[in-house]
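Notes follow once the structure below has been shown.
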Amino acid sequence: MQAWKKNIRKVVPYVPGEQPQRKVIKLNTNENPYPPAPGVKMALEEFNEDCLRLYPDPDCMKLRTVLADYYKVTPDNVFVGVGSDDVLSVAFMTFFNSDKPILFPDITYSFYSVWADVYRIPYEKIPVGEDFKITASDYYKENGGVIFANPNAPTAIYENLEFVEEIVKNNQDVIVIVDEAYIDFGGESAISLTEKYDNLLVVQTFSKSRSMAGTRIGFAIGNPELIKAMNDVKFSINSYTMNQNSLYIGGEAVKDDAYFKETVSKIVNTREKTMLRLKEMGFEGTDSKTNFLFVKHNAMRASEIFEKLKEKDIFVRYFKTAGIDNYLRITIGTDEEMEMLIKALEEIMNF
């Protein structure tokens, strides 16, 4: 082996959902099937060359102010980044620097272990129960920090605010991060708890409920000391992480609250109707509070259903992961897309 190869950092990377390069029914990456708010399109039409020629505001104040107004906090409580992945990555670098392991569920967003490996953070995966639920008391032991997704992914399970507070209350000597990428589809955010607990950071994204996965906007809300620490790390890496376009149109997406709630409601209604249809065919799954379903069928392996759907140009997500390797994660699309999924499954299952 050449000597320089010994110094290369080797990690097992996160593997995102497949992005097919042809027209398919794409239900594998939890994108929103509806367009962004009308104000976003209007803002894009006003976009000019100066927005490309000039550096963006490194403090991202315009977007932070809009978010602060919406969530009833101050701009000093808000950090924004290039998608919630960027926000979480900065948070890992900023807060998880103890020799003690950070804790997160063994079945959850697989990027957590990737960041921990990249930044050489010790970690422990805490097993979920047979019902895929997190046990709060498992996180009361000594640790270097806690992170969990609520609702969890890929299981789609939501825990109430009292559950979240129990974990935060029992970990006040470390930072607790609650990843709320899917909170708008059926849960109550823990943002209100950031006023009570100065060690709590809540992270959300524009990729799911606000139909802006391609724009890459994420944000965190926490006490100003946490936000300043994250900005210090960000400015040590790249002061201009957010582009002008994202800063400009992101605020317009937040301002149109009526449209936001309308599209979320559509997705929730479609989710519930689809689950009923799947149960009629013998599928079973968790009580989803997200924009996806997590289901299995006892008569046919998930891997086989996955491949047969793919042959019909319907893409869903399959994980070759112990404990969930007989489950499919199905993004909620439009009513028309879900009807085509149901018809394809009826053919596959000879229903």
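Scheme for the structure tokens: letters A, B, ... for chains in order shown; per-chain residue numbers from 1; ligand numbers from 1 in order shown.
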
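For Lys26 (chain A), the non-local neighbours within 9 Å, defined as residues at least 2 positions apart in the same chain or in other chains and counting only C-alpha atoms, are Gln19, Pro20, Lys23, Val24, Asn28, Thr29, Asn30, Glu31, Asp313, Ile314, Phe315, Val316, Thr331, Gly333 and Glu337 of chain A.
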
Residues within 10 Å of Lys41 (chain A), please, as a short mmCIF file (atom, residue, chain, number, x, y, z; two decimals) with C-alpha atoms, in the first residue's frame. Count only C-alpha atoms; anything in the same chain fewer than 6 positions from it doesn't count.
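Wrote it out as result35.cif, contents follow:
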data_model
loop_
_atom_site.label_atom_id
_atom_site.label_comp_id
_atom_site.auth_asym_id
_atom_site.auth_seq_id
_atom_site.Cartn_x
_atom_site.Cartn_y
_atom_site.Cartn_z
CA PRO A 35 -45.31 22.80 -6.04
CA PHE A 47 -34.64 37.29 -9.36
CA ILE A 249 -37.39 32.53 -1.94
CA GLU A 252 -41.70 33.62 0.57
CA ALA A 253 -42.41 29.95 1.24
#

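DSSP, applied to the backbone of this structure, assigns strand (DSSP E) to the following residues of region 153-253 of chain A: Val176, Ile177, Val178, Asp179, Leu200, Leu201, Val202, Val203, Gln204, Thr205, Gly218, Phe219, Ala220 and Ile221 of chain A.
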
task: Compare A:Ala322, A:Leu193, A:Met338, A:Met242 by their minimum atom-to-atom distance to Ile217 (chain A), counting only C-alpha atoms, and give me the closest one.
output: A:Met242

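We find CA of Pro151 (chain A) and CA of Lys279 (chain A) to be spaced 21.6 Å apart.
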
field: Coordinates-based distance that separates CA of Pro56 (chain A) from CA of Gln244 (chain A) (Å, one decimal)
entry: 5.0 Å

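Using only C-alpha atoms, the residues found no farther than 9 Å from Gly282 (chain A), other than those of its own chain fewer than 3 positions away, are Leu278, Lys279, Lys296, His297, Asn298 and Ala299 of chain A.
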
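With CA of Asn291 (chain A) on one side and CA of Met349 (chain A) on the other, the separation reads 24.1 Å.
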
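For Pro122 (chain A), the non-local neighbours within 12 Å, defined as residues at least 2 positions apart in the same chain or in other chains and counting only C-alpha atoms, are Phe92, Phe96, Asn97, Ser98, Asp99, Lys100, Pro101, Ile102, Leu103, Phe104, Tyr112, Ser113, Val114, Trp115, Ala116, Asp117, Val118, Tyr119, Arg120, Glu124, Lys125, Asn143, Gly144, Gly145 and Val146 of chain A.
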
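Among A:Asn150, A:Asn77, A:Thr108, A:Asn350, the residue with the shortest atom-to-atom distance to Asp179 (chain A), counting only C-alpha atoms, is A:Asn150.
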
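Within region 149-235 of chain A, the backbone-based DSSP assignment of alpha helix (DSSP H) covers A:Leu161, A:Glu162, A:Phe163, A:Val164, A:Glu165, A:Glu166, A:Ile167, A:Val168, A:Lys169, A:Pro224, A:Glu225, A:Leu226, A:Ile227, A:Lys228, A:Ala229, A:Met230, A:Asn231, A:Asp232, A:Val233, A:Lys234, A:Phe235.
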
Residues of region 284-303 of chain A at most 12 Å from region 268-276 of chain A: nearest atom pair and distance in Å, only C-alpha atoms, as a Markdown table:
| residue | atom | partner | partner_atom | distance |
| --- | --- | --- | --- | --- |
| A:Glu284 | CA | A:Met275 | CA | 8.5 |
| A:Gly285 | CA | A:Met275 | CA | 8.4 |
| A:Thr286 | CA | A:Met275 | CA | 9.8 |
| A:Asp287 | CA | A:Met275 | CA | 9.3 |
| A:Ser288 | CA | A:Arg271 | CA | 8.3 |
| A:Lys289 | CA | A:Val268 | CA | 8.2 |
| A:Thr290 | CA | A:Val268 | CA | 8.0 |
| A:Asn291 | CA | A:Val268 | CA | 7.1 |
| A:Phe292 | CA | A:Arg271 | CA | 7.2 |
| A:Leu293 | CA | A:Arg271 | CA | 7.4 |
| A:Phe294 | CA | A:Met275 | CA | 9.7 |
| A:Val295 | CA | A:Met275 | CA | 8.9 |
| A:Lys296 | CA | A:Met275 | CA | 11.5 |

Would you save the residues from that selection as a PDB file, in the first residue's frame, using C-alpha atoms?
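Saved as part_29.pdb:
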ATOM      1  CA  GLU A 284     -49.616  -3.738   7.799  1.00  0.00           C
ATOM      2  CA  GLY A 285     -47.514  -0.867   9.065  1.00  0.00           C
ATOM      3  CA  THR A 286     -46.852   1.766  11.677  1.00  0.00           C
ATOM      4  CA  ASP A 287     -49.131   4.674  12.538  1.00  0.00           C
ATOM      5  CA  SER A 288     -47.488   7.198  10.248  1.00  0.00           C
ATOM      6  CA  LYS A 289     -47.282  10.867  11.184  1.00  0.00           C
ATOM      7  CA  THR A 290     -45.057  11.672   8.213  1.00  0.00           C
ATOM      8  CA  ASN A 291     -45.402  12.055   4.450  1.00  0.00           C
ATOM      9  CA  PHE A 292     -44.600   8.380   3.938  1.00  0.00           C
ATOM     10  CA  LEU A 293     -45.838   4.939   4.965  1.00  0.00           C
ATOM     11  CA  PHE A 294     -43.736   2.159   6.481  1.00  0.00           C
ATOM     12  CA  VAL A 295     -45.374  -1.151   5.567  1.00  0.00           C
ATOM     13  CA  LYS A 296     -44.855  -4.867   5.040  1.00  0.00           C
TER      14      LYS A 296
END

Interface rows for region 41-73 of chain A against region 219-238 of chain A: nearest pair, Å to one decimal, 12 Å, only C-alpha atoms, as a tab-separated table:
residue	atom	partner	partner_atom	distance
A:Pro56	CA	A:Asn238	CA	11.9
A:Pro58	CA	A:Phe235	CA	8.3
A:Asp59	CA	A:Asn231	CA	8.5
A:Cys60	CA	A:Asn231	CA	10.8
A:Leu63	CA	A:Phe219	CA	9.8
A:Arg64	CA	A:Phe219	CA	8.6
A:Thr65	CA	A:Phe219	CA	12.0
A:Val66	CA	A:Phe219	CA	11.8
A:Leu67	CA	A:Phe219	CA	8.7
A:Ala68	CA	A:Ile221	CA	8.8
A:Tyr70	CA	A:Ile221	CA	11.8
A:Tyr71	CA	A:Ile221	CA	9.0
A:Lys72	CA	A:Ile221	CA	10.7
A:Val73	CA	A:Ile221	CA	8.4

The selected residues should be written to file as a short mmCIF file (atom, residue, chain, number, x, y, z; two decimals), in the first residue's frame (atoms: N, CA and C atoms).
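What ended up in out27.cif:
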data_model
loop_
_atom_site.label_atom_id
_atom_site.label_comp_id
_atom_site.auth_asym_id
_atom_site.auth_seq_id
_atom_site.Cartn_x
_atom_site.Cartn_y
_atom_site.Cartn_z
N PRO A 56 -23.88 36.31 -1.06
CA PRO A 56 -25.08 36.39 -0.22
C PRO A 56 -24.72 36.89 1.18
N PRO A 58 -23.87 36.58 4.71
CA PRO A 58 -23.38 35.44 5.49
C PRO A 58 -24.21 35.20 6.75
N ASP A 59 -24.86 36.25 7.26
CA ASP A 59 -25.69 36.10 8.46
C ASP A 59 -27.10 35.60 8.14
N CYS A 60 -27.45 35.56 6.86
CA CYS A 60 -28.76 35.04 6.41
C CYS A 60 -29.91 35.73 7.15
N LEU A 63 -33.84 35.64 5.91
CA LEU A 63 -34.54 34.37 6.12
C LEU A 63 -34.70 34.08 7.60
N ARG A 64 -33.68 34.34 8.38
CA ARG A 64 -33.78 34.11 9.82
C ARG A 64 -34.88 34.95 10.45
N THR A 65 -35.05 36.17 9.97
CA THR A 65 -36.09 37.05 10.52
C THR A 65 -37.48 36.52 10.20
N VAL A 66 -37.68 36.04 8.98
CA VAL A 66 -38.98 35.48 8.60
C VAL A 66 -39.29 34.25 9.45
N LEU A 67 -38.30 33.39 9.60
CA LEU A 67 -38.50 32.18 10.41
C LEU A 67 -38.77 32.54 11.88
N ALA A 68 -38.03 33.51 12.38
CA ALA A 68 -38.23 33.94 13.77
C ALA A 68 -39.64 34.46 13.98
N TYR A 70 -42.31 33.67 12.27
CA TYR A 70 -43.27 32.58 12.12
C TYR A 70 -43.31 31.69 13.36
N TYR A 71 -42.15 31.40 13.92
CA TYR A 71 -42.09 30.50 15.07
C TYR A 71 -42.06 31.24 16.41
N LYS A 72 -42.25 32.55 16.35
CA LYS A 72 -42.37 33.38 17.57
C LYS A 72 -41.14 33.28 18.47
N VAL A 73 -39.97 33.42 17.82
CA VAL A 73 -38.70 33.52 18.52
C VAL A 73 -37.98 34.74 17.98
#

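You can rank A:Lys6, A:Arg210, A:Glu347, A:Glu195 by their closest distance to Ala258 (chain A) using only C-alpha atoms, and at the top of that list sits A:Arg210.
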